[in-house]
file structure28.cif (mmCIF, C-alpha atoms)
data_structure
#
loop_
_atom_site.label_atom_id
_atom_site.label_comp_id
_atom_site.auth_asym_id
_atom_site.auth_seq_id
_atom_site.Cartn_x
_atom_site.Cartn_y
_atom_site.Cartn_z
CA PHE A 1 -70.90 14.92 144.89
CA ARG A 2 -73.75 12.49 145.55
CA ARG A 3 -75.91 14.18 142.89
CA VAL A 4 -73.14 14.11 140.30
CA LEU A 5 -72.46 10.42 140.96
CA PHE A 6 -76.15 9.57 140.88
CA ARG A 7 -76.63 11.30 137.51
CA SER A 8 -73.59 9.66 135.94
CA GLU A 9 -73.70 6.17 137.43
CA ILE A 10 -75.78 4.75 134.57
CA PHE A 11 -72.84 5.58 132.30
CA LEU A 12 -70.18 4.11 134.59
CA SER A 13 -68.83 0.68 133.70
CA GLU A 14 -66.75 0.69 136.89
CA GLY A 15 -68.04 -0.14 140.32
CA VAL A 16 -67.65 2.67 142.87
CA VAL A 17 -67.94 2.32 146.63
CA ILE A 18 -67.31 5.10 149.15
CA ALA A 19 -67.19 4.06 152.80
CA ASP A 20 -66.58 5.83 156.11
CA THR A 21 -63.81 5.02 158.58
CA GLU A 22 -65.86 2.14 159.98
CA GLY A 23 -66.20 0.62 156.52
CA ARG A 24 -69.89 1.53 156.32
CA PHE A 25 -71.06 2.22 152.78
CA LEU A 26 -71.96 5.82 152.04
CA ILE A 27 -72.27 5.33 148.27
CA CYS A 28 -72.46 2.12 146.24
CA ASN A 29 -73.35 2.51 142.56
CA ARG A 30 -75.36 0.05 140.46
CA THR A 31 -72.32 -1.64 138.93
CA ALA A 32 -70.79 -2.17 142.36
CA LYS A 33 -74.05 -3.62 143.70
CA SER A 34 -74.25 -6.01 140.75
CA VAL A 35 -70.67 -7.23 141.14
CA LEU A 36 -70.78 -7.48 144.93
CA GLY A 37 -73.98 -9.52 144.78
CA ILE A 38 -76.43 -6.90 145.98
CA ALA A 39 -79.76 -6.55 144.20
CA THR A 40 -79.88 -3.13 142.52
CA GLY A 41 -83.13 -2.18 144.22
CA SER A 42 -82.00 -3.10 147.71
CA GLY A 43 -80.00 -1.12 150.18
CA SER A 44 -76.25 -1.54 150.38
CA PRO A 45 -74.73 -3.68 153.12
CA ARG A 46 -73.80 -1.72 156.20
CA ALA A 47 -70.09 -2.41 155.80
CA TRP A 48 -67.42 -4.01 153.60
CA SER A 49 -67.22 -6.79 156.19
CA GLU A 50 -70.69 -7.91 155.09
CA VAL A 51 -69.61 -8.40 151.50
CA ARG A 52 -68.98 -12.10 150.81
CA GLY A 53 -67.38 -14.02 147.98
CA CYS A 54 -63.98 -12.30 147.58
CA TYR A 55 -61.26 -14.82 146.79
CA LYS A 56 -57.58 -14.90 145.94
CA ALA A 57 -56.13 -15.99 142.59
CA ASP A 58 -56.95 -19.68 143.11
CA GLY A 59 -60.66 -18.85 143.33
CA GLN A 60 -60.93 -20.85 146.56
CA THR A 61 -58.99 -19.03 149.29
CA PRO A 62 -61.11 -16.28 150.89
CA TYR A 63 -59.49 -12.87 150.71
CA PRO A 64 -58.46 -11.86 154.27
CA THR A 65 -60.40 -8.81 155.38
CA GLU A 66 -57.28 -6.96 156.43
CA GLU A 67 -55.83 -7.36 152.93
CA LEU A 68 -58.83 -5.97 151.06
CA PRO A 69 -58.03 -2.70 149.22
CA SER A 70 -60.82 -0.92 151.11
CA VAL A 71 -59.35 -1.78 154.51
CA ARG A 72 -55.83 -0.91 153.44
CA ALA A 73 -57.06 2.46 152.15
CA LEU A 74 -58.57 3.22 155.57
CA SER A 75 -55.09 2.88 157.05
CA GLY A 76 -53.86 5.59 154.68
CA GLU A 77 -52.47 3.35 151.94
CA THR A 78 -53.01 4.03 148.24
CA VAL A 79 -53.73 0.61 146.73
CA THR A 80 -52.85 0.13 143.07
CA GLU A 81 -54.55 -2.36 140.70
CA THR A 82 -55.34 -5.54 142.67
CA GLU A 83 -57.01 -8.55 141.06
CA ILE A 84 -59.74 -10.26 143.08
CA PHE A 85 -62.02 -13.16 142.15
CA ILE A 86 -65.64 -12.66 143.20
CA ARG A 87 -68.23 -15.42 143.38
CA ASN A 88 -71.64 -14.98 145.00
CA ASP A 89 -75.36 -15.49 144.41
CA GLN A 90 -75.42 -12.72 141.80
CA CYS A 91 -72.34 -14.15 140.02
CA PRO A 92 -72.45 -17.92 140.71
CA SER A 93 -69.86 -18.72 138.06
CA GLY A 94 -67.60 -15.98 139.38
CA LEU A 95 -65.86 -13.03 137.78
CA TRP A 96 -62.55 -11.19 138.03
CA VAL A 97 -62.27 -7.55 139.04
CA SER A 98 -59.33 -5.19 139.09
CA MET A 99 -59.70 -3.03 142.18
CA HIS A 100 -57.85 0.03 143.42
CA ALA A 101 -58.50 2.18 146.46
CA ASN A 102 -57.54 5.51 147.97
CA PRO A 103 -58.05 7.11 151.35
CA LEU A 104 -60.81 9.74 151.46
CA LEU A 105 -59.30 12.71 153.27
CA LYS A 106 -60.76 15.69 155.08
CA GLU A 107 -59.42 19.18 154.34
CA CYS A 108 -57.20 18.87 157.39
CA GLY A 109 -55.66 15.71 155.94
CA LYS A 110 -57.32 13.33 158.37
CA ILE A 111 -58.76 10.12 156.93
CA ARG A 112 -62.50 10.37 156.43
CA GLY A 113 -63.05 7.05 154.70
CA SER A 114 -62.11 5.17 151.54
CA VAL A 115 -62.92 5.28 147.84
CA VAL A 116 -62.82 1.96 145.97
CA VAL A 117 -63.15 1.68 142.20
CA PHE A 118 -63.16 -1.61 140.32
CA ARG A 119 -63.85 -2.95 136.84
CA ASN A 120 -64.71 -6.35 135.41
CA ILE A 121 -61.64 -7.95 133.82
CA SER A 122 -63.08 -11.46 133.33
CA LYS A 123 -62.69 -11.39 129.54
CA LYS A 124 -59.08 -10.24 129.90
CA LYS A 125 -58.38 -13.09 132.33
CA GLU A 126 -60.03 -15.58 129.97
CA ARG A 127 -57.78 -14.40 127.13
CA GLU A 128 -54.73 -14.67 129.38
CA THR A 129 -55.75 -18.19 130.39
CA ARG A 130 -56.18 -19.27 126.76
CA ILE A 131 -52.80 -17.77 125.87
CA GLN A 132 -51.18 -19.58 128.80
CA ILE A 133 -52.73 -22.90 127.74
CA LEU A 134 -51.50 -22.43 124.18
CA THR A 135 -48.05 -21.43 125.44
CA ASN A 136 -47.85 -24.51 127.64
CA ALA A 137 -48.96 -26.71 124.74
CA VAL A 138 -46.25 -25.31 122.46
CA GLU A 139 -43.60 -25.50 125.16
CA GLN A 140 -44.45 -29.05 126.23
CA THR A 141 -45.34 -30.77 122.96
CA ALA A 142 -42.99 -33.52 121.82
CA ASP A 143 -42.91 -32.14 118.27
CA SER A 144 -40.42 -29.43 117.31
CA ILE A 145 -41.87 -26.01 116.53
CA ILE A 146 -40.27 -23.08 114.72
CA ILE A 147 -41.86 -19.65 114.32
CA THR A 148 -40.31 -17.30 111.78
CA ASP A 149 -41.20 -13.90 110.40
CA ARG A 150 -42.29 -13.45 106.78
CA ASP A 151 -38.65 -13.39 105.64
CA GLY A 152 -37.92 -16.67 107.39
CA ILE A 153 -35.93 -15.20 110.30
CA ILE A 154 -36.35 -17.43 113.35
CA GLU A 155 -38.16 -15.75 116.24
CA TYR A 156 -38.92 -18.80 118.38
CA VAL A 157 -38.15 -22.50 118.74
CA ASN A 158 -39.61 -24.70 121.46
CA PRO A 159 -37.66 -26.97 123.84
CA ALA A 160 -38.41 -30.02 121.66
CA PHE A 161 -36.61 -28.38 118.72
CA GLU A 162 -33.61 -27.61 120.91
CA SER A 163 -33.54 -31.19 122.16
CA THR A 164 -33.92 -32.72 118.69
CA THR A 165 -31.46 -30.54 116.76
CA GLY A 166 -29.00 -29.48 119.46
CA TYR A 167 -29.46 -25.79 118.59
CA THR A 168 -30.62 -23.32 121.24
CA LEU A 169 -32.84 -20.33 120.54
CA LYS A 170 -29.95 -18.02 121.41
CA GLU A 171 -27.78 -19.68 118.76
CA LEU A 172 -30.50 -19.22 116.15
CA GLU A 173 -31.03 -15.47 116.61
CA GLY A 174 -31.03 -13.78 113.21
CA LEU A 175 -30.81 -17.09 111.35
CA THR A 176 -33.29 -19.03 109.17
CA PRO A 177 -34.31 -22.71 109.15
CA ARG A 178 -31.71 -23.21 106.41
CA ILE A 179 -29.35 -24.01 109.28
CA ILE A 180 -30.89 -27.49 109.47
CA ASN A 181 -30.89 -28.07 105.70
CA SER A 182 -29.39 -31.48 105.02
CA GLY A 183 -28.37 -30.97 101.40
CA VAL A 184 -30.53 -33.95 100.42
CA HIS A 185 -33.17 -31.81 98.69
CA ASP A 186 -32.42 -29.83 95.54
CA ARG A 187 -33.07 -26.15 94.83
CA GLY A 188 -36.36 -26.88 93.10
CA PHE A 189 -37.69 -28.48 96.26
CA TYR A 190 -37.18 -25.29 98.29
CA GLU A 191 -38.48 -23.07 95.49
CA ASN A 192 -41.70 -25.07 95.54
CA LEU A 193 -41.82 -24.81 99.34
CA TRP A 194 -41.59 -21.01 99.30
CA ALA A 195 -44.01 -20.64 96.39
CA THR A 196 -46.56 -22.71 98.33
CA ILE A 197 -46.40 -20.89 101.68
CA LEU A 198 -46.14 -17.40 100.18
CA SER A 199 -49.36 -18.11 98.29
CA GLY A 200 -51.01 -18.74 101.66
CA LYS A 201 -51.17 -22.52 101.38
CA VAL A 202 -49.92 -25.09 103.90
CA PHE A 203 -46.82 -27.05 102.86
CA ARG A 204 -46.60 -30.68 103.99
CA THR A 205 -43.85 -33.17 103.26
CA ILE A 206 -41.27 -35.54 104.72
CA MET A 207 -37.91 -33.80 104.86
CA ALA A 208 -34.37 -34.79 105.61
CA ASN A 209 -32.87 -32.34 108.11
CA LYS A 210 -29.49 -32.05 109.78
CA LYS A 211 -28.75 -31.70 113.49
CA LYS A 212 -26.02 -29.51 114.93
CA ASN A 213 -23.71 -32.54 115.19
CA GLY A 214 -24.19 -33.27 111.47
CA GLU A 215 -26.54 -36.22 111.96
CA ILE A 216 -29.34 -36.53 109.39
CA PHE A 217 -32.88 -37.07 110.65
CA PHE A 218 -36.16 -37.45 108.79
CA ALA A 219 -39.28 -35.55 109.75
CA GLU A 220 -42.91 -35.10 108.82
CA GLN A 221 -42.92 -31.35 108.36
CA THR A 222 -45.80 -28.88 108.11
CA ILE A 223 -45.31 -25.17 107.41
CA THR A 224 -48.36 -22.98 107.97
CA PRO A 225 -48.67 -19.27 107.05
CA MET A 226 -49.97 -16.97 109.81
CA TRP A 227 -52.02 -13.97 108.75
CA GLY A 228 -51.59 -10.61 110.45
CA PRO A 229 -54.40 -8.15 111.32
CA THR A 230 -53.93 -6.35 107.98
CA GLY A 231 -54.58 -9.54 106.01
CA ILE A 232 -50.94 -10.04 105.05
CA ILE A 233 -48.85 -13.08 105.95
CA SER A 234 -46.74 -12.06 108.95
CA HIS A 235 -45.23 -15.33 110.20
CA PHE A 236 -44.76 -19.00 109.42
CA VAL A 237 -45.18 -21.84 111.90
CA THR A 238 -43.29 -25.06 111.23
CA VAL A 239 -44.10 -28.28 113.06
CA ILE A 240 -41.47 -31.02 112.81
CA LYS A 241 -42.23 -34.60 113.84
CA ASP A 242 -39.10 -36.77 113.93
CA VAL A 243 -39.87 -40.04 112.10
CA THR A 244 -36.30 -41.33 111.77
CA GLU A 245 -36.88 -44.37 113.98
CA GLN A 246 -40.11 -45.24 112.20
CA ARG A 247 -38.30 -45.07 108.83
CA LYS A 248 -35.52 -47.32 110.15
CA LEU A 249 -38.09 -49.83 111.39
CA GLN A 250 -39.94 -49.73 108.06
CA GLU A 251 -36.66 -50.27 106.20
CA GLN A 252 -35.80 -53.22 108.43
CA GLN A 253 -39.21 -54.74 107.87
CA PHE A 254 -38.85 -54.20 104.12
CA GLN A 255 -35.43 -55.88 104.05
CA MET A 256 -36.73 -58.78 106.13
CA SER A 257 -39.65 -59.15 103.73
CA LEU A 258 -37.27 -59.23 100.75
CA ALA A 259 -35.09 -61.81 102.48
CA ARG A 260 -38.11 -63.97 103.31
CA ARG A 261 -39.38 -63.88 99.73
CA SER A 262 -35.91 -64.71 98.43
CA GLU A 263 -35.69 -67.69 100.78
CA GLU A 264 -39.16 -68.88 99.75
CA ARG A 265 -38.19 -68.74 96.07
CA ARG A 266 -34.96 -70.60 96.78
CA VAL A 267 -36.77 -73.35 98.68
CA GLY A 268 -39.40 -73.53 95.93
CA LYS A 269 -36.73 -74.04 93.25
CA GLU A 270 -35.04 -76.78 95.28
CA CYS A 271 -38.34 -78.61 95.69
CA THR A 272 -38.99 -78.34 91.94
CA ILE A 273 -35.55 -79.80 91.09
CA GLN A 274 -36.07 -82.72 93.43
#

call {"tool": "encode", "arguments": {"input": "structure28.cif", "output": "structure tokens"}}
result
Amino acid sequence: FRRVLFRSEIFLSEGVVIADTEGRFLICNRTAKSVLGIATGSGSPRAWSEVRGCYKADGQTPYPTEELPSVRALSGETVTETEIFIRNDQCPSGLWVSMHANPLLKECGKIRGSVVVFRNISKKKERETRIQILTNAVEQTADSIIITDRDGIIEYVNPAFESTTGYTLKELEGLTPRIINSGVHDRGFYENLWATILSGKVFRTIMANKKKNGEIFFAEQTITPMWGPTGIISHFVTVIKDVTEQRKLQEQQFQMSLARRSEERRVGKECTIQ
């Protein structure tokens, strides 16, 4: 077994550690040494207890020895995929591994030791973190967001959309954004909209939309095509920024300006007459 492992270890991307019932390392391949912070040319530590830098998900709390997959395997437990953060002199910035372990049994069924196999999942965790950040951004942004398929069927709306329009995602299942059409824009407007986004271009405008209660609101609206892996448009993302209050304020300021100019002209005429 040792010879087979030695011959194949240069091809293994997984770390492999075999230990006896005391936790002493019998075999530790190059990948395992690299991840565990052991120089490839040096001997392995005498036991799992000498390995340092194993942390829980927060990257700060040391992993309790009794909870390590290797220790659990020595008690007869088969440990499925367990994520552990490792940071040591070899990996100062840290990396994530997915580790599983099994008891190593004698022919009589008695535990002889443990076999631990682990692989580097740092890139996977980085992708998951980026996805989570993007998800949080979409969920928490103040602007309304709609995601539809290529045919315009709504697949997702964020909490801001629900709050602004009064419609819930459940209510919108199988529907299109036409449900918030206000009737203010004519057919040509929407034909131009679809022609633009189906050609792969971004559509930007200020639109009048309608809430569930029938109230009209104005929004700066951007509709962006999303391209699938085959190079075909698969979805559309709409971002809606409610500008109703700003428009009301601008209208008030405009009316005040007109009134002020009218008053100035009136006063100017009176002065001329006198």

call {"tool": "resolve_selection", "arguments": {"input": "structure28.cif", "expression": "the PyMOL selection byres ((chain A and resi 147) around 8)", "output": "mmCIF file with C-alpha atoms, in the frame of the given file"}}
result
data_model
loop_
_atom_site.group_PDB
_atom_site.id
_atom_site.type_symbol
_atom_site.label_atom_id
_atom_site.label_comp_id
_atom_site.auth_asym_id
_atom_site.auth_seq_id
_atom_site.Cartn_x
_atom_site.Cartn_y
_atom_site.Cartn_z
ATOM 1 C CA ILE A 145 -41.870 -26.010 116.530
ATOM 2 C CA ILE A 146 -40.270 -23.080 114.720
ATOM 3 C CA THR A 148 -40.310 -17.300 111.780
ATOM 4 C CA ASP A 149 -41.200 -13.900 110.400
ATOM 5 C CA ILE A 154 -36.350 -17.430 113.350
ATOM 6 C CA GLU A 155 -38.160 -15.750 116.240
ATOM 7 C CA TYR A 156 -38.920 -18.800 118.380
ATOM 8 C CA VAL A 157 -38.150 -22.500 118.740
ATOM 9 C CA HIS A 235 -45.230 -15.330 110.200
ATOM 10 C CA PHE A 236 -44.760 -19.000 109.420
ATOM 11 C CA VAL A 237 -45.180 -21.840 111.900
ATOM 12 C CA THR A 238 -43.290 -25.060 111.230
#

call {"tool": "resolve_selection", "arguments": {"input": "structure28.cif", "expression": "the PyMOL selection byres ((chain A and resi 33-38) around 10)", "output": "PDB file with C-alpha atoms, in the frame of the given file"}}
result
ATOM      1  CA  GLU A  14     -66.750   0.690 136.890  1.00  0.00           C
ATOM      2  CA  GLY A  15     -68.040  -0.140 140.320  1.00  0.00           C
ATOM      3  CA  VAL A  16     -67.650   2.670 142.870  1.00  0.00           C
ATOM      4  CA  VAL A  17     -67.940   2.320 146.630  1.00  0.00           C
ATOM      5  CA  CYS A  28     -72.460   2.120 146.240  1.00  0.00           C
ATOM      6  CA  ASN A  29     -73.350   2.510 142.560  1.00  0.00           C
ATOM      7  CA  ARG A  30     -75.360   0.050 140.460  1.00  0.00           C
ATOM      8  CA  THR A  31     -72.320  -1.640 138.930  1.00  0.00           C
ATOM      9  CA  ALA A  32     -70.790  -2.170 142.360  1.00  0.00           C
ATOM     10  CA  ALA A  39     -79.760  -6.550 144.200  1.00  0.00           C
ATOM     11  CA  THR A  40     -79.880  -3.130 142.520  1.00  0.00           C
ATOM     12  CA  GLY A  41     -83.130  -2.180 144.220  1.00  0.00           C
ATOM     13  CA  SER A  42     -82.000  -3.100 147.710  1.00  0.00           C
ATOM     14  CA  GLY A  43     -80.000  -1.120 150.180  1.00  0.00           C
ATOM     15  CA  SER A  44     -76.250  -1.540 150.380  1.00  0.00           C
ATOM     16  CA  PRO A  45     -74.730  -3.680 153.120  1.00  0.00           C
ATOM     17  CA  TRP A  48     -67.420  -4.010 153.600  1.00  0.00           C
ATOM     18  CA  VAL A  51     -69.610  -8.400 151.500  1.00  0.00           C
ATOM     19  CA  ARG A  52     -68.980 -12.100 150.810  1.00  0.00           C
ATOM     20  CA  GLY A  53     -67.380 -14.020 147.980  1.00  0.00           C
ATOM     21  CA  CYS A  54     -63.980 -12.300 147.580  1.00  0.00           C
ATOM     22  CA  ILE A  86     -65.640 -12.660 143.200  1.00  0.00           C
ATOM     23  CA  ARG A  87     -68.230 -15.420 143.380  1.00  0.00           C
ATOM     24  CA  ASN A  88     -71.640 -14.980 145.000  1.00  0.00           C
ATOM     25  CA  ASP A  89     -75.360 -15.490 144.410  1.00  0.00           C
ATOM     26  CA  GLN A  90     -75.420 -12.720 141.800  1.00  0.00           C
ATOM     27  CA  CYS A  91     -72.340 -14.150 140.020  1.00  0.00           C
ATOM     28  CA  PRO A  92     -72.450 -17.920 140.710  1.00  0.00           C
ATOM     29  CA  GLY A  94     -67.600 -15.980 139.380  1.00  0.00           C
ATOM     30  CA  LEU A  95     -65.860 -13.030 137.780  1.00  0.00           C
ATOM     31  CA  TRP A  96     -62.550 -11.190 138.030  1.00  0.00           C
ATOM     32  CA  VAL A  97     -62.270  -7.550 139.040  1.00  0.00           C
ATOM     33  CA  PHE A 118     -63.160  -1.610 140.320  1.00  0.00           C
ATOM     34  CA  ARG A 119     -63.850  -2.950 136.840  1.00  0.00           C
ATOM     35  CA  ASN A 120     -64.710  -6.350 135.410  1.00  0.00           C
TER      36      ASN A 120
END

call {"tool": "atom_distance", "arguments": {"input": "structure28.cif", "atom1": "atom CA of A:Gly59", "atom2": "atom CA of A:Phe85"}}
result
6.0 Å

call {"tool": "resolve_selection", "arguments": {"input": "structure28.cif", "expression": "the PyMOL selection byres ((chain A and resi 224) around 12)", "output": "number ranges by chain"}}
result
A: 145-150, 193-194, 196-204, 221-223, 225-227, 233-240

call {"tool": "atom_distance", "arguments": {"input": "structure28.cif", "atom1": "atom CA of A:Thr129", "atom2": "atom CA of A:Pro62"}}
result
21.3 Å

call {"tool": "closest_residue", "arguments": {"input": "structure28.cif", "among": "A:Ala57, A:Ala137, A:Leu74, A:Ala208", "to": "A:Lys110", "atoms": "all atoms listed in the file"}}
result
A:Leu74

call {"tool": "closest_residue", "arguments": {"input": "structure28.cif", "among": "A:Val138, A:Val117, A:Ile180, A:Ala19", "to": "A:Lys210", "atoms": "all atoms listed in the file"}}
result
A:Ile180

call {"tool": "atom_distance", "arguments": {"input": "structure28.cif", "atom1": "atom CA of A:Met99", "atom2": "atom CA of A:Glu83"}}
result
6.2 Å

call {"tool": "closest_residue", "arguments": {"input": "structure28.cif", "among": "A:Phe218, A:Phe189, A:Phe25, A:Tyr55", "to": "A:Ile84", "atoms": "only C-alpha atoms"}}
result
A:Tyr55
